[in-house]
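Enquirer: The structure follows.
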Amino acid sequence: MGVFSRFTDIINSNINSLLDKAEDPAKMVRLIIQEMEDTLVEVRSSSAKTLADKKELSRQVTRFENEAQQWQEKAELALNKGREDLARAALMEKKKAADNAQSLLEELSHVDEHIAKLQGEISQLQDKLADAKARQKAIIMREKTASSRLKVKKNISSDRVNDALSKFDRYERKIDDIEAQVESHDLGSKSLADEIAELEADEKIDDELAQLKAKMTSDKKKK
């Protein structure tokens, strides 16, 4: 069963409302577009047939009008020849032809109204179809984006990612342990630079001690 049951259902439908209520908007919009396109082909075919019927009616109107004119001329000829009976008969045939032409003209007027309404409805259907196609592109784009985001979310929360992060943590702990071992070997050992620095410090202390002794000796002599 299609989305719409009649042509007027499409014209009067609210595409946005249909899509908002749909469980699968992408699928729904495809169905809507397909049915609209099928309906448009059908309506255009019907419209073409109606236009052809209009042309046929127009030809019949012209034929009956010409026939009425011919009977008018025959009636005049009969009167000129003194045949009033024939003139009367010709005028009766003229009336039949004129009545037929008038009846067809009235029918033609209804056909014109029908064609005008049909063209307006076709225009509305084309607008609805264009709107549905525009929504289809937007929905497909949203669907792809949502699917991509969902994939990323699933990957972020997946066991594989968690396992990989745990492996990184274990590797970092191993590196920390190795670095700590290196640092522990360095503890208590002095480098050449450290030993020289200590000698320089001892030398400064010795100089200060000598200066202090000299000062104290000088102070005693002054007393």
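Labeling convention for the structure tokens: chains A, B, ... as they appear, residues from 1 per chain, ligands from 1 in order of appearance.
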Can you tell me which residues surround Asp112 in chain A at a distance of at most 12 Å, considering only C-alpha atoms, apart from same-chain residues fewer than 5 positions away, and format the answer as a ChimeraX atom specification?

Expert: /A:47,50-55,57-58,105-107,117-119

Enquirer: Rank A:Lys167, A:Lys49, A:Ala87, A:Ser148 by their smallest atom-to-atom distance to Val111 in chain A, using only C-alpha atoms, and report the top residue only.

Expert: A:Lys49

Enquirer: For a test of reading the model, state the distance in Å between CA of Glu67 in chain A and CA of Lys94 in chain A, rounded to one decimal.

Expert: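 Between CA of Glu67 in chain A and CA of Lys94 in chain A the gap is 7.1 Å.
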
Enquirer: Pick out the residues sitting within 10 Å of Arg30 in chain A, and hand them over as a VMD selection string; count only C-alpha atoms, and ignore anything fewer than 4 positions along from it in its own chain.

Expert: chain A and resid 25 to 26 34 to 36 132 to 133 136

Enquirer: Could you tell me how far CA of Ile115 in chain A sits from CA of Ser46 in chain A, in Å to one decimal place?

Expert: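 We find that CA of Ser46 in chain A and CA of Ile115 in chain A lie 10.0 Å from each other.
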
Enquirer: Let me make sure I understand: among A:Lys204, A:Lys27, A:Ser166, A:Lys215, which one has the smallest atom-to-atom distance to Glu143 in chain A if we use only C-alpha atoms?

Expert: A:Lys27

Enquirer: Could you state the separation of CA of Phe64 in chain A and CA of Ala101 in chain A in Å, given to one decimal place?

Expert: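 If I compute the distance from CA of Phe64 in chain A to CA of Ala101 in chain A, I get 5.3 Å.
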